[in-house]
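Asks: My structure is below; once you've seen it, I'll send some questions.
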Amino acid sequence: MRTKSSLALAVFLLIATFFTSCDKECKEVKRASNVVTFATNINASSLRVTGNNWDNNDAIGVYMMENGQPISTAFAPNNAKYVASTGGSNTTSFTPATEQDKLFWAEGTTSADFIAYYPYSATQSGNELSMNTQDQSHFSAIDYLIAVRSSQAKSATSTNVLSFKHVLPLLVFEFKDKSYAPIEETKISGMKIAGLKVAGKLNLEENTVTPEGDATAFQTNGTRALVIPQTSTENVVVSFQFGGKNYTWDLGTKTFEKGKKYIFRAKLSDGSVAVDGANGTIGEREPEDTGGDVDLDPTGSSEPTTLSSDVTTYEFTADAGSHDFVISTDASSISATSDATWAKVPTGKIVVEPTGKATLTITVEANTTNAVRNATITIKHDGVLRTAAAPITLSISQAAQEAVTPTPTPAEGDLIISAYVEGKSNDKYIKISNRTAAPIDLAAYSIRHYNNGKKTVASSFEQKLSGTLDAGKFIVIYHQKASFTSFPNAAQAIVGTGSTINFNGDDAIALAKNNENIDVFGVIGNPNKSMLWADKIYARNSDISTPTTTFDESQWEVAPVKSSDPIQKIPLFSKTFSTL
């Protein structure tokens, strides 16, 4: 339907077989030979927003009750659906949408009550109709109408008349330029209204509206808007663009009554804001009333539209995921394109909120390759009536899928130190692996910390191990204040005790068995006390399963720890602590 603004209602012809189901409280009736018929008419006063004609297939919902009874006792089928069989006329016949939607007079009934509403909703139940005006792009979907309770007499020849009225107030904005010449509606762009609630409930029996939820900004339909009847609790603010300039119109707190038309007029100039008269008028939808004007001073200029992003580069992990980029602009909408199929952006326009911010969500597929990949996202603004700002680009990359180090073939040997991490601050980790073919009782083992070049170990620098470490498993000992402490693949992940794990880059670590060192990282008694192993990750080569007390750096893969990198983001760290 081309949005409705004043109505009366059209002929319902109801014939034939009876209905099917009814809600638990509705009444089943024995039909008589007479069918219920309806007629509507639309007088010269237009009730529709864009005209006074029905559209083909316009659908309404109808309830039929005994006189004075509530909707909960409606005859089946309640919420019967009827559609306009023709369009383009102010009178038309309405027919049931299906056989199950036909209404009949009950046998012996001489009159009944009817309540009807538009637009029809298949999920409507009870006497409250949910309304929402957030999306103003199609007035016909939100121009709610109601035919209030009407008692109709049964007749074999006459029809029953239902009169529809508008539920929502209509806001109309009219503009003149500095010379008082009318401004065409198409020259006004990006109009938004903030400060009003967009949801509410219509009580079909009482014809009352209850607003619901919080005030939410919305875009208008050109220079018009349908709104929920309400008294605003905050200022109603209208913003829009004209001639390359931005305008903000603060209407203050407002009361919008059910079914009325409100006309607001403004002269757009470079002068100061001055109200002339009533700042808007209230009237029934028809006839239209006139009112005072307001002068609006632009808040913007003819400078190019602004367009920027909170960040211009971003790195995704190899996994599938998404990230929200915050785009700042004074345009009404933006759009984005991607030069890579694996990096997805929304299709169509993205609406900019009244705050001047828009959220652009970029979604990436999982990278199953072993190569880093890159994409460029191009963002454009909606530059209607504004000098075009240059598009901006976001450069995104996605990490490669890390190759999984195969578990080595079990061999003779013993427990070994398989990782040594001396990172920034308290990021200190030791990894002990069982790369043999059998489980090992840890009760005979301990970790020793040779501090500052010492050749002996105090008791507070040694930590006993316990439990059993199965073949192909590892344990992690970490500093109690380490920044990363989640190791789901470890058989044990334990906090270092005493000073055992509080080592620096000049300290050696040993794995002892039965009080004898069997594997050593570094040089015990480091003669120069030089920080040879500081700010580094050492990972034992996967083919090493035999411990040694002679430190051989060729057995280790090494990666630096940069202060700007979270430890878990360093590839060698994540690989080392997810594999044996």
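By order in the structure tokens, chains are A, B, ...; within a chain, residues start at 1; ligands start at 1, following the order shown.
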Write out as number ranges by chain the residues lying within 12 Å of Thr393 (chain A), counting only C-alpha atoms and excluding same-chain residues fewer than 5 positions away.
Replies: A: 307-314, 325, 327, 335-339, 375-380
Asks: Could you list, as a list in words, every residue within 9 Å of region 532-536 of chain A, counting only C-alpha atoms and ignoring same-chain residues fewer than 3 positions away?
Replies: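 Close residues of region 532-536 of chain A: Tyr420, Val421, Glu422, Gly423, Lys424, Asn504, Gly505, Asp506, Asp507, Gly522, Lys529, Val558, Ala559, Pro560, Val561, Lys562 and Ser563 of chain A.
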Asks: Please provide as a JSON list (two decimals) with all heavy atoms, in the first residue's frame all residues within 9 Å of region 218-230 of chain A, with the sequence filter that same-chain residues fewer than 5 positions apart are discarded (counting only C-alpha atoms).
Replies:
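around.json, freshly written:
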```json
[["chain", "number", "residue", "atom", "x", "y", "z"],
["A", 131, "MET", "N", 4.13, -2.14, 17.27],
["A", 131, "MET", "CA", 4.45, -1.19, 16.21],
["A", 131, "MET", "C", 5.92, -0.79, 16.32],
["A", 131, "MET", "O", 6.45, -0.70, 17.43],
["A", 131, "MET", "CB", 3.57, 0.06, 16.31],
["A", 131, "MET", "CG", 2.08, -0.21, 16.24],
["A", 131, "MET", "SD", 1.11, 1.33, 16.25],
["A", 131, "MET", "CE", 1.51, 1.98, 17.87],
["A", 132, "ASN", "N", 6.56, -0.52, 15.17],
["A", 132, "ASN", "CA", 7.93, -0.06, 15.16],
["A", 132, "ASN", "C", 8.14, 0.83, 13.95],
["A", 132, "ASN", "O", 7.78, 0.46, 12.82],
["A", 132, "ASN", "CB", 8.92, -1.24, 15.12],
["A", 132, "ASN", "CG", 10.33, -0.81, 15.42],
["A", 132, "ASN", "OD1", 10.95, -0.08, 14.65],
["A", 132, "ASN", "ND2", 10.85, -1.24, 16.56],
["A", 133, "THR", "N", 8.70, 2.01, 14.18],
["A", 133, "THR", "CA", 8.87, 3.00, 13.10],
["A", 133, "THR", "C", 10.34, 3.27, 12.79],
["A", 133, "THR", "O", 10.66, 4.29, 12.19],
["A", 133, "THR", "CB", 8.17, 4.31, 13.48],
["A", 133, "THR", "OG1", 8.76, 4.82, 14.70],
["A", 133, "THR", "CG2", 6.68, 4.10, 13.69],
["A", 134, "GLN", "N", 11.24, 2.37, 13.19],
["A", 134, "GLN", "CA", 12.66, 2.59, 12.95],
["A", 134, "GLN", "C", 12.97, 2.71, 11.46],
["A", 134, "GLN", "O", 13.70, 3.58, 11.01],
["A", 134, "GLN", "CB", 13.47, 1.44, 13.55],
["A", 134, "GLN", "CG", 14.97, 1.50, 13.27],
["A", 134, "GLN", "CD", 15.69, 2.52, 14.12],
["A", 134, "GLN", "OE1", 15.62, 2.48, 15.32],
["A", 134, "GLN", "NE2", 16.37, 3.45, 13.49],
["A", 135, "ASP", "N", 12.38, 1.80, 10.66],
["A", 135, "ASP", "CA", 12.62, 1.79, 9.21],
["A", 135, "ASP", "C", 11.51, 2.59, 8.53],
["A", 135, "ASP", "O", 10.37, 2.17, 8.46],
["A", 135, "ASP", "CB", 12.64, 0.35, 8.70],
["A", 135, "ASP", "CG", 12.97, 0.26, 7.22],
["A", 135, "ASP", "OD1", 13.17, 1.31, 6.58],
["A", 135, "ASP", "OD2", 13.03, -0.87, 6.70],
["A", 136, "GLN", "N", 11.88, 3.77, 8.01],
["A", 136, "GLN", "CA", 10.91, 4.65, 7.38],
["A", 136, "GLN", "C", 10.94, 4.56, 5.86],
["A", 136, "GLN", "O", 10.30, 5.35, 5.17],
["A", 136, "GLN", "CB", 11.20, 6.11, 7.80],
["A", 136, "GLN", "CG", 11.11, 6.37, 9.30],
["A", 136, "GLN", "CD", 9.77, 6.90, 9.72],
["A", 136, "GLN", "OE1", 9.09, 7.63, 8.99],
["A", 136, "GLN", "NE2", 9.37, 6.56, 10.94],
["A", 137, "SER", "N", 11.68, 3.58, 5.32],
["A", 137, "SER", "CA", 11.88, 3.52, 3.88],
["A", 137, "SER", "C", 10.60, 3.18, 3.12],
["A", 137, "SER", "O", 10.45, 3.54, 1.96],
["A", 137, "SER", "CB", 12.97, 2.50, 3.54],
["A", 137, "SER", "OG", 12.64, 1.21, 4.05],
["A", 138, "HIS", "N", 9.67, 2.46, 3.77],
["A", 138, "HIS", "CA", 8.39, 2.13, 3.14],
["A", 138, "HIS", "C", 7.26, 2.50, 4.09],
["A", 138, "HIS", "O", 6.96, 1.77, 5.03],
["A", 138, "HIS", "CB", 8.32, 0.64, 2.79],
["A", 138, "HIS", "CG", 9.38, 0.20, 1.83],
["A", 138, "HIS", "ND1", 9.35, 0.53, 0.49],
["A", 138, "HIS", "CD2", 10.51, -0.52, 2.02],
["A", 138, "HIS", "CE1", 10.42, 0.03, -0.10],
["A", 138, "HIS", "NE2", 11.14, -0.61, 0.81],
["A", 139, "PHE", "N", 6.65, 3.65, 3.85],
["A", 139, "PHE", "CA", 5.59, 4.11, 4.74],
["A", 139, "PHE", "C", 4.45, 3.10, 4.85],
["A", 139, "PHE", "O", 3.82, 2.96, 5.89],
["A", 139, "PHE", "CB", 5.03, 5.44, 4.24],
["A", 139, "PHE", "CG", 5.71, 6.64, 4.84],
["A", 139, "PHE", "CD1", 5.57, 7.89, 4.27],
["A", 139, "PHE", "CD2", 6.48, 6.53, 5.99],
["A", 139, "PHE", "CE1", 6.18, 9.00, 4.82],
["A", 139, "PHE", "CE2", 7.10, 7.63, 6.55],
["A", 139, "PHE", "CZ", 6.95, 8.87, 5.96],
["A", 142, "ILE", "N", 4.42, 0.80, 7.83],
["A", 142, "ILE", "CA", 4.34, 1.31, 9.20],
["A", 142, "ILE", "C", 3.21, 2.31, 9.40],
["A", 142, "ILE", "O", 3.08, 2.87, 10.49],
["A", 142, "ILE", "CB", 5.67, 1.96, 9.64],
["A", 142, "ILE", "CG1", 6.00, 3.18, 8.76],
["A", 142, "ILE", "CG2", 6.81, 0.97, 9.63],
["A", 142, "ILE", "CD1", 7.17, 4.00, 9.27],
["A", 143, "ASP", "N", 2.37, 2.55, 8.37],
["A", 143, "ASP", "CA", 1.28, 3.51, 8.52],
["A", 143, "ASP", "C", 0.07, 2.79, 9.14],
["A", 143, "ASP", "O", -0.86, 2.40, 8.45],
["A", 143, "ASP", "CB", 0.91, 4.12, 7.16],
["A", 143, "ASP", "CG", -0.02, 5.30, 7.31],
["A", 143, "ASP", "OD1", -0.15, 5.84, 8.43],
["A", 143, "ASP", "OD2", -0.65, 5.69, 6.31],
["A", 167, "VAL", "N", -3.27, 5.91, 13.30],
["A", 167, "VAL", "CA", -2.74, 5.77, 14.64],
["A", 167, "VAL", "C", -1.53, 6.69, 14.84],
["A", 167, "VAL", "O", -1.39, 7.35, 15.86],
["A", 167, "VAL", "CB", -2.34, 4.31, 14.93],
["A", 167, "VAL", "CG1", -1.65, 4.19, 16.28],
["A", 167, "VAL", "CG2", -3.56, 3.41, 14.85],
["A", 168, "LEU", "N", -0.64, 6.75, 13.86],
["A", 168, "LEU", "CA", 0.63, 7.46, 14.03],
["A", 168, "LEU", "C", 0.53, 8.93, 13.64],
["A", 168, "LEU", "O", -0.11, 9.27, 12.64],
["A", 168, "LEU", "CB", 1.73, 6.80, 13.19],
["A", 168, "LEU", "CG", 1.99, 5.32, 13.45],
["A", 168, "LEU", "CD1", 3.18, 4.86, 12.62],
["A", 168, "LEU", "CD2", 2.25, 5.06, 14.93],
["A", 169, "PRO", "N", 1.17, 9.81, 14.39],
["A", 169, "PRO", "CA", 1.32, 11.20, 13.95],
["A", 169, "PRO", "C", 2.24, 11.26, 12.73],
["A", 169, "PRO", "O", 3.19, 10.48, 12.60],
["A", 169, "PRO", "CB", 1.97, 11.89, 15.15],
["A", 169, "PRO", "CG", 1.82, 10.94, 16.30],
["A", 169, "PRO", "CD", 1.78, 9.57, 15.71],
["A", 170, "LEU", "N", 1.95, 12.21, 11.85],
["A", 170, "LEU", "CA", 2.77, 12.45, 10.65],
["A", 170, "LEU", "C", 3.50, 13.77, 10.83],
["A", 170, "LEU", "O", 2.88, 14.80, 11.09],
["A", 170, "LEU", "CB", 1.90, 12.49, 9.40],
["A", 170, "LEU", "CG", 2.59, 12.93, 8.10],
["A", 170, "LEU", "CD1", 3.67, 11.93, 7.69],
["A", 170, "LEU", "CD2", 1.57, 13.11, 6.99],
["A", 171, "LEU", "N", 4.85, 13.74, 10.71],
["A", 171, "LEU", "CA", 5.65, 14.95, 10.78],
["A", 171, "LEU", "C", 6.06, 15.36, 9.36],
["A", 171, "LEU", "O", 6.54, 14.53, 8.59],
["A", 171, "LEU", "CB", 6.91, 14.74, 11.62],
["A", 171, "LEU", "CG", 6.75, 14.07, 13.00],
["A", 171, "LEU", "CD1", 8.07, 14.15, 13.77],
["A", 171, "LEU", "CD2", 5.63, 14.69, 13.79],
["A", 172, "VAL", "N", 5.82, 16.63, 9.03],
["A", 172, "VAL", "CA", 6.15, 17.15, 7.71],
["A", 172, "VAL", "C", 7.06, 18.36, 7.90],
["A", 172, "VAL", "O", 6.75, 19.27, 8.69],
["A", 172, "VAL", "CB", 4.89, 17.55, 6.93],
["A", 172, "VAL", "CG1", 5.28, 18.15, 5.58],
["A", 172, "VAL", "CG2", 3.97, 16.35, 6.74],
["A", 173, "PHE", "N", 8.19, 18.38, 7.18],
["A", 173, "PHE", "CA", 9.13, 19.49, 7.27],
["A", 173, "PHE", "C", 9.17, 20.21, 5.92],
["A", 173, "PHE", "O", 9.34, 19.57, 4.88],
["A", 173, "PHE", "CB", 10.52, 18.98, 7.65],
["A", 173, "PHE", "CG", 10.57, 18.33, 9.00],
["A", 173, "PHE", "CD1", 10.28, 16.98, 9.15],
["A", 173, "PHE", "CD2", 10.87, 19.08, 10.12],
["A", 173, "PHE", "CE1", 10.31, 16.38, 10.39],
["A", 173, "PHE", "CE2", 10.90, 18.48, 11.38],
["A", 173, "PHE", "CZ", 10.61, 17.13, 11.52],
["A", 174, "GLU", "N", 9.00, 21.53, 5.95],
["A", 174, "GLU", "CA", 9.01, 22.35, 4.74],
["A", 174, "GLU", "C", 10.11, 23.40, 4.87],
["A", 174, "GLU", "O", 10.32, 23.97, 5.95],
["A", 174, "GLU", "CB", 7.65, 23.01, 4.54],
["A", 174, "GLU", "CG", 6.51, 22.01, 4.37],
["A", 174, "GLU", "CD", 5.15, 22.68, 4.25],
["A", 174, "GLU", "OE1", 5.10, 23.92, 4.43],
["A", 174, "GLU", "OE2", 4.17, 21.97, 3.98],
["A", 185, "GLU", "N", 12.01, 19.04, -2.04],
["A", 185, "GLU", "CA", 12.32, 17.99, -1.06],
["A", 185, "GLU", "C", 13.59, 17.24, -1.43],
["A", 185, "GLU", "O", 14.37, 16.84, -0.57],
["A", 185, "GLU", "CB", 11.14, 17.03, -0.95],
["A", 185, "GLU", "CG", 11.36, 15.89, 0.04],
["A", 185, "GLU", "CD", 10.18, 14.95, 0.12],
["A", 185, "GLU", "OE1", 9.17, 15.20, -0.55],
["A", 185, "GLU", "OE2", 10.28, 13.94, 0.84],
["A", 186, "THR", "N", 13.82, 17.04, -2.73],
["A", 186, "THR", "CA", 14.98, 16.25, -3.17],
["A", 186, "THR", "C", 16.30, 16.96, -2.89],
["A", 186, "THR", "O", 17.36, 16.34, -2.96],
["A", 186, "THR", "CB", 14.88, 15.97, -4.67],
["A", 186, "THR", "OG1", 14.74, 17.21, -5.39],
["A", 186, "THR", "CG2", 13.69, 15.07, -4.97],
["A", 188, "ILE", "N", 17.05, 18.32, -0.02],
["A", 188, "ILE", "CA", 17.37, 18.06, 1.39],
["A", 188, "ILE", "C", 17.83, 16.61, 1.51],
["A", 188, "ILE", "O", 17.13, 15.70, 1.06],
["A", 188, "ILE", "CB", 16.15, 18.30, 2.30],
["A", 188, "ILE", "CG1", 15.59, 19.72, 2.09],
["A", 188, "ILE", "CG2", 16.53, 18.07, 3.76],
["A", 188, "ILE", "CD1", 16.52, 20.83, 2.49],
["A", 189, "SER", "N", 18.97, 16.37, 2.10],
["A", 189, "SER", "CA", 19.48, 15.00, 2.18],
["A", 189, "SER", "C", 19.87, 14.63, 3.60],
["A", 189, "SER", "O", 20.12, 15.50, 4.44],
["A", 189, "SER", "CB", 20.70, 14.82, 1.26],
["A", 189, "SER", "OG", 21.79, 15.58, 1.73],
["A", 190, "GLY", "N", 19.91, 13.31, 3.83],
["A", 190, "GLY", "CA", 20.42, 12.78, 5.10],
["A", 190, "GLY", "C", 19.65, 13.20, 6.33],
["A", 190, "GLY", "O", 20.23, 13.30, 7.41],
["A", 191, "MET", "N", 18.34, 13.45, 6.20],
["A", 191, "MET", "CA", 17.60, 13.92, 7.37],
["A", 191, "MET", "C", 17.46, 12.80, 8.40],
["A", 191, "MET", "O", 17.08, 11.68, 8.08],
["A", 191, "MET", "CB", 16.22, 14.44, 6.97],
["A", 191, "MET", "CG", 15.39, 14.92, 8.16],
["A", 191, "MET", "SD", 13.83, 15.72, 7.69],
["A", 191, "MET", "CE", 14.44, 17.33, 7.22],
["A", 192, "LYS", "N", 17.76, 13.13, 9.66],
["A", 192, "LYS", "CA", 17.63, 12.20, 10.78],
["A", 192, "LYS", "C", 16.91, 12.89, 11.93],
["A", 192, "LYS", "O", 16.99, 14.12, 12.08],
["A", 192, "LYS", "CB", 19.00, 11.72, 11.26],
["A", 192, "LYS", "CG", 19.82, 10.99, 10.22],
["A", 192, "LYS", "CD", 21.19, 10.65, 10.78],
["A", 192, "LYS", "CE", 22.07, 10.01, 9.72],
["A", 192, "LYS", "NZ", 23.44, 9.74, 10.23],
["A", 193, "ILE", "N", 16.22, 12.09, 12.73],
["A", 193, "ILE", "CA", 15.54, 12.59, 13.93],
["A", 193, "ILE", "C", 16.03, 11.79, 15.13],
["A", 193, "ILE", "O", 16.06, 10.56, 15.10],
["A", 193, "ILE", "CB", 14.01, 12.48, 13.81],
["A", 193, "ILE", "CG1", 13.50, 13.33, 12.63],
["A", 193, "ILE", "CG2", 13.32, 12.91, 15.10],
["A", 193, "ILE", "CD1", 12.00, 13.23, 12.41],
["A", 194, "ALA", "N", 16.42, 12.48, 16.18],
["A", 194, "ALA", "CA", 16.85, 11.84, 17.42],
["A", 194, "ALA", "C", 15.98, 12.35, 18.57],
["A", 194, "ALA", "O", 15.45, 13.45, 18.52],
["A", 194, "ALA", "CB", 18.32, 12.15, 17.69],
["A", 196, "LEU", "N", 13.34, 10.43, 20.01],
["A", 196, "LEU", "CA", 12.00, 9.82, 20.06],
["A", 196, "LEU", "C", 12.11, 8.30, 20.17],
["A", 196, "LEU", "O", 13.03, 7.69, 19.62],
["A", 196, "LEU", "CB", 11.19, 10.19, 18.81],
["A", 196, "LEU", "CG", 10.77, 11.65, 18.67],
["A", 196, "LEU", "CD1", 10.08, 11.87, 17.32],
["A", 196, "LEU", "CD2", 9.83, 12.06, 19.80],
["A", 197, "LYS", "N", 11.14, 7.70, 20.82],
["A", 197, "LYS", "CA", 11.04, 6.24, 20.87],
["A", 197, "LYS", "C", 10.44, 5.76, 19.55],
["A", 197, "LYS", "O", 9.57, 6.41, 18.98],
["A", 197, "LYS", "CB", 10.18, 5.80, 22.05],
["A", 197, "LYS", "CG", 10.75, 6.17, 23.40],
["A", 197, "LYS", "CD", 9.85, 5.72, 24.54],
["A", 197, "LYS", "CE", 10.47, 6.08, 25.89],
["A", 197, "LYS", "NZ", 9.64, 5.64, 27.04],
["A", 198, "VAL", "N", 10.89, 4.60, 19.08],
["A", 198, "VAL", "CA", 10.44, 4.09, 17.79],
["A", 198, "VAL", "C", 9.59, 2.83, 17.92],
["A", 198, "VAL", "O", 9.17, 2.26, 16.92],
["A", 198, "VAL", "CB", 11.64, 3.81, 16.86],
["A", 198, "VAL", "CG1", 12.41, 5.07, 16.57],
["A", 198, "VAL", "CG2", 12.55, 2.74, 17.47],
["A", 199, "ALA", "N", 9.32, 2.40, 19.15],
["A", 199, "ALA", "CA", 8.52, 1.19, 19.36],
["A", 199, "ALA", "C", 7.33, 1.51, 20.27],
["A", 199, "ALA", "O", 7.38, 2.44, 21.08],
["A", 199, "ALA", "CB", 9.36, 0.08, 19.98],
["A", 200, "GLY", "N", 6.24, 0.74, 20.11],
["A", 200, "GLY", "CA", 5.06, 0.94, 20.95],
["A", 200, "GLY", "C", 4.05, -0.16, 20.75],
["A", 200, "GLY", "O", 4.17, -0.98, 19.84],
["A", 209, "VAL", "N", -2.19, 3.95, 22.71],
["A", 209, "VAL", "CA", -0.83, 3.58, 22.36],
["A", 209, "VAL", "C", 0.07, 3.76, 23.57],
["A", 209, "VAL", "O", 0.00, 4.78, 24.26],
["A", 209, "VAL", "CB", -0.30, 4.42, 21.18],
["A", 209, "VAL", "CG1", 1.18, 4.11, 20.92],
["A", 209, "VAL", "CG2", -1.11, 4.16, 19.93],
["A", 210, "THR", "N", 0.93, 2.78, 23.82],
["A", 210, "THR", "CA", 1.93, 2.86, 24.88],
["A", 210, "THR", "C", 3.31, 2.80, 24.24],
["A", 210, "THR", "O", 3.69, 1.78, 23.67],
["A", 210, "THR", "CB", 1.79, 1.69, 25.87],
["A", 210, "THR", "OG1", 0.47, 1.69, 26.42],
["A", 210, "THR", "CG2", 2.81, 1.82, 26.99],
["A", 211, "PRO", "N", 4.09, 3.92, 24.30],
["A", 211, "PRO", "CA", 5.46, 3.88, 23.76],
["A", 211, "PRO", "C", 6.32, 2.93, 24.59],
["A", 211, "PRO", "O", 6.10, 2.75, 25.78],
["A", 211, "PRO", "CB", 5.95, 5.33, 23.91],
["A", 211, "PRO", "CG", 4.72, 6.14, 24.15],
["A", 211, "PRO", "CD", 3.74, 5.25, 24.84],
["A", 254, "LYS", "N", 8.73, 17.53, 22.86],
["A", 254, "LYS", "CA", 7.51, 17.64, 22.05],
["A", 254, "LYS", "C", 6.51, 16.57, 22.47],
["A", 254, "LYS", "O", 6.87, 15.49, 22.94],
["A", 254, "LYS", "CB", 7.84, 17.45, 20.56],
["A", 254, "LYS", "CG", 8.54, 18.64, 19.93],
["A", 254, "LYS", "CD", 7.61, 19.84, 19.85],
["A", 254, "LYS", "CE", 8.30, 21.03, 19.22],
["A", 254, "LYS", "NZ", 7.41, 22.21, 19.20],
["A", 255, "THR", "N", 5.23, 16.90, 22.25],
["A", 255, "THR", "CA", 4.15, 15.94, 22.40],
["A", 255, "THR", "C", 3.53, 15.70, 21.03],
["A", 255, "THR", "O", 3.12, 16.65, 20.35],
["A", 255, "THR", "CB", 3.07, 16.45, 23.37],
["A", 255, "THR", "OG1", 3.65, 16.58, 24.67],
["A", 255, "THR", "CG2", 1.90, 15.46, 23.44],
["A", 256, "PHE", "N", 3.48, 14.44, 20.61],
["A", 256, "PHE", "CA", 2.88, 14.07, 19.33],
["A", 256, "PHE", "C", 1.68, 13.17, 19.62],
["A", 256, "PHE", "O", 1.83, 12.06, 20.14],
["A", 256, "PHE", "CB", 3.90, 13.37, 18.44],
["A", 256, "PHE", "CG", 5.06, 14.24, 18.05],
["A", 256, "PHE", "CD1", 6.35, 13.94, 18.47],
["A", 256, "PHE", "CD2", 4.86, 15.38, 17.29],
["A", 256, "PHE", "CE1", 7.42, 14.74, 18.12],
["A", 256, "PHE", "CE2", 5.93, 16.20, 16.93],
["A", 256, "PHE", "CZ", 7.21, 15.88, 17.35],
["A", 257, "GLU", "N", 0.50, 13.67, 19.26],
["A", 257, "GLU", "CA", -0.73, 12.95, 19.57],
["A", 257, "GLU", "C", -1.12, 12.00, 18.44],
["A", 257, "GLU", "O", -0.78, 12.22, 17.27],
["A", 257, "GLU", "CB", -1.86, 13.95, 19.82],
["A", 257, "GLU", "CG", -1.61, 14.86, 21.02],
["A", 257, "GLU", "CD", -2.76, 15.82, 21.24],
["A", 257, "GLU", "OE1", -3.90, 15.49, 20.83],
["A", 257, "GLU", "OE2", -2.53, 16.89, 21.82],
["A", 258, "LYS", "N", -1.87, 10.99, 18.82],
["A", 258, "LYS", "CA", -2.28, 9.92, 17.91],
["A", 258, "LYS", "C", -3.05, 10.50, 16.72],
["A", 258, "LYS", "O", -4.00, 11.26, 16.88],
["A", 258, "LYS", "CB", -3.13, 8.90, 18.67],
["A", 258, "LYS", "CG", -3.61, 7.71, 17.88],
["A", 258, "LYS", "CD", -4.04, 6.57, 18.78],
["A", 258, "LYS", "CE", -5.07, 7.01, 19.80],
["A", 258, "LYS", "NZ", -6.36, 7.34, 19.21],
["A", 259, "GLY", "N", -2.63, 10.12, 15.50],
["A", 259, "GLY", "CA", -3.37, 10.44, 14.30],
["A", 259, "GLY", "C", -3.32, 11.87, 13.83],
["A", 259, "GLY", "O", -4.06, 12.25, 12.92],
["A", 351, "VAL", "N", 24.53, 2.98, 7.17],
["A", 351, "VAL", "CA", 24.00, 4.24, 7.68],
["A", 351, "VAL", "C", 24.93, 4.80, 8.76],
["A", 351, "VAL", "O", 25.41, 4.07, 9.63],
["A", 351, "VAL", "CB", 22.58, 4.04, 8.26],
["A", 351, "VAL", "CG1", 22.06, 5.32, 8.91],
["A", 351, "VAL", "CG2", 21.64, 3.60, 7.15],
["A", 353, "GLU", "N", 25.42, 6.99, 12.06],
["A", 353, "GLU", "CA", 24.62, 7.39, 13.21],
["A", 353, "GLU", "C", 24.70, 8.91, 13.40],
["A", 353, "GLU", "O", 25.60, 9.56, 12.87],
["A", 353, "GLU", "CB", 25.11, 6.68, 14.48],
["A", 353, "GLU", "CG", 24.96, 5.17, 14.44],
["A", 353, "GLU", "CD", 23.52, 4.75, 14.32],
["A", 353, "GLU", "OE1", 22.65, 5.40, 14.92],
["A", 353, "GLU", "OE2", 23.24, 3.77, 13.60],
["A", 354, "PRO", "N", 23.76, 9.48, 14.17],
["A", 354, "PRO", "CA", 23.80, 10.94, 14.41],
["A", 354, "PRO", "C", 25.10, 11.41, 15.05],
["A", 354, "PRO", "O", 25.44, 12.58, 14.97],
["A", 354, "PRO", "CB", 22.60, 11.15, 15.36],
["A", 354, "PRO", "CG", 21.67, 10.04, 15.05],
["A", 354, "PRO", "CD", 22.54, 8.87, 14.72]]
```
Asks: Any idea what's packed within 12 Å of Ser446 (chain A), counting only C-alpha atoms, ignoring anything in its chain fewer than 6 positions away? Could you give it as a ChimeraX atom specification?
Replies: /A:415-417,430,432,457,459,461-467,477,496-497,500,509-519
Asks: To one decimal place, how far is CA of Trp556 (chain A) from CA of Asp543 (chain A) in Å?
Replies: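 Between CA of Trp556 (chain A) and CA of Asp543 (chain A) the gap works out to 10.6 Å.
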Asks: Pick the closest to Ala399 (chain A) from A:Ala444, A:Ala122, A:Leu296, A:Ala318: which is it, counting only C-alpha atoms?
Replies: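 For Ala399 (chain A), the nearest of the given residues is A:Ala318.
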Asks: Mind running region 134-191 of chain A against region 96-119 of chain A at 9 Å and telling me each contacting residue's nearest atom pair with the distance in Å (one decimal), counting only C-alpha atoms, chain and number ascending, as a Markdown table?
Replies:
```
| residue | atom | partner | partner_atom | distance |
| --- | --- | --- | --- | --- |
| A:Ser140 | CA | A:Pro119 | CA | 7.9 |
| A:Ala141 | CA | A:Pro119 | CA | 6.7 |
| A:Ile142 | CA | A:Pro119 | CA | 7.5 |
| A:Asp143 | CA | A:Pro119 | CA | 7.5 |
| A:Tyr144 | CA | A:Tyr118 | CA | 5.5 |
| A:Leu145 | CA | A:Tyr118 | CA | 4.9 |
| A:Ile146 | CA | A:Tyr117 | CA | 4.3 |
| A:Ala147 | CA | A:Ala116 | CA | 5.0 |
| A:Val148 | CA | A:Ile115 | CA | 5.5 |
| A:Arg149 | CA | A:Ile115 | CA | 4.9 |
| A:Ser150 | CA | A:Phe114 | CA | 5.3 |
| A:Ser151 | CA | A:Asp113 | CA | 4.4 |
| A:Gln152 | CA | A:Ser111 | CA | 5.5 |
| A:Ala153 | CA | A:Ser111 | CA | 4.2 |
| A:Lys154 | CA | A:Thr110 | CA | 5.0 |
| A:Ser155 | CA | A:Thr110 | CA | 8.1 |
| A:Leu162 | CA | A:Ala116 | CA | 8.1 |
| A:Phe164 | CA | A:Tyr117 | CA | 7.9 |
```
Asks: Looking at A:Glu234, A:Glu402, A:Asp552, A:Glu128, which one is nearest to Ala215 (chain A), with distances taken over only C-alpha atoms?
Replies: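 Distance minimum relative to Ala215 (chain A) lands on A:Glu234.
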Asks: Please, which residues of region 362-512 of chain A, numbered as in this document, come out strand (DSSP E) from DSSP, as a VMD selection string?
Replies: chain A and resid 362 to 364 373 to 381 392 to 398 416 to 422 428 to 433 440 to 441 445 to 450 462 to 464 468 to 469 474 to 478 492 to 495 508 to 512
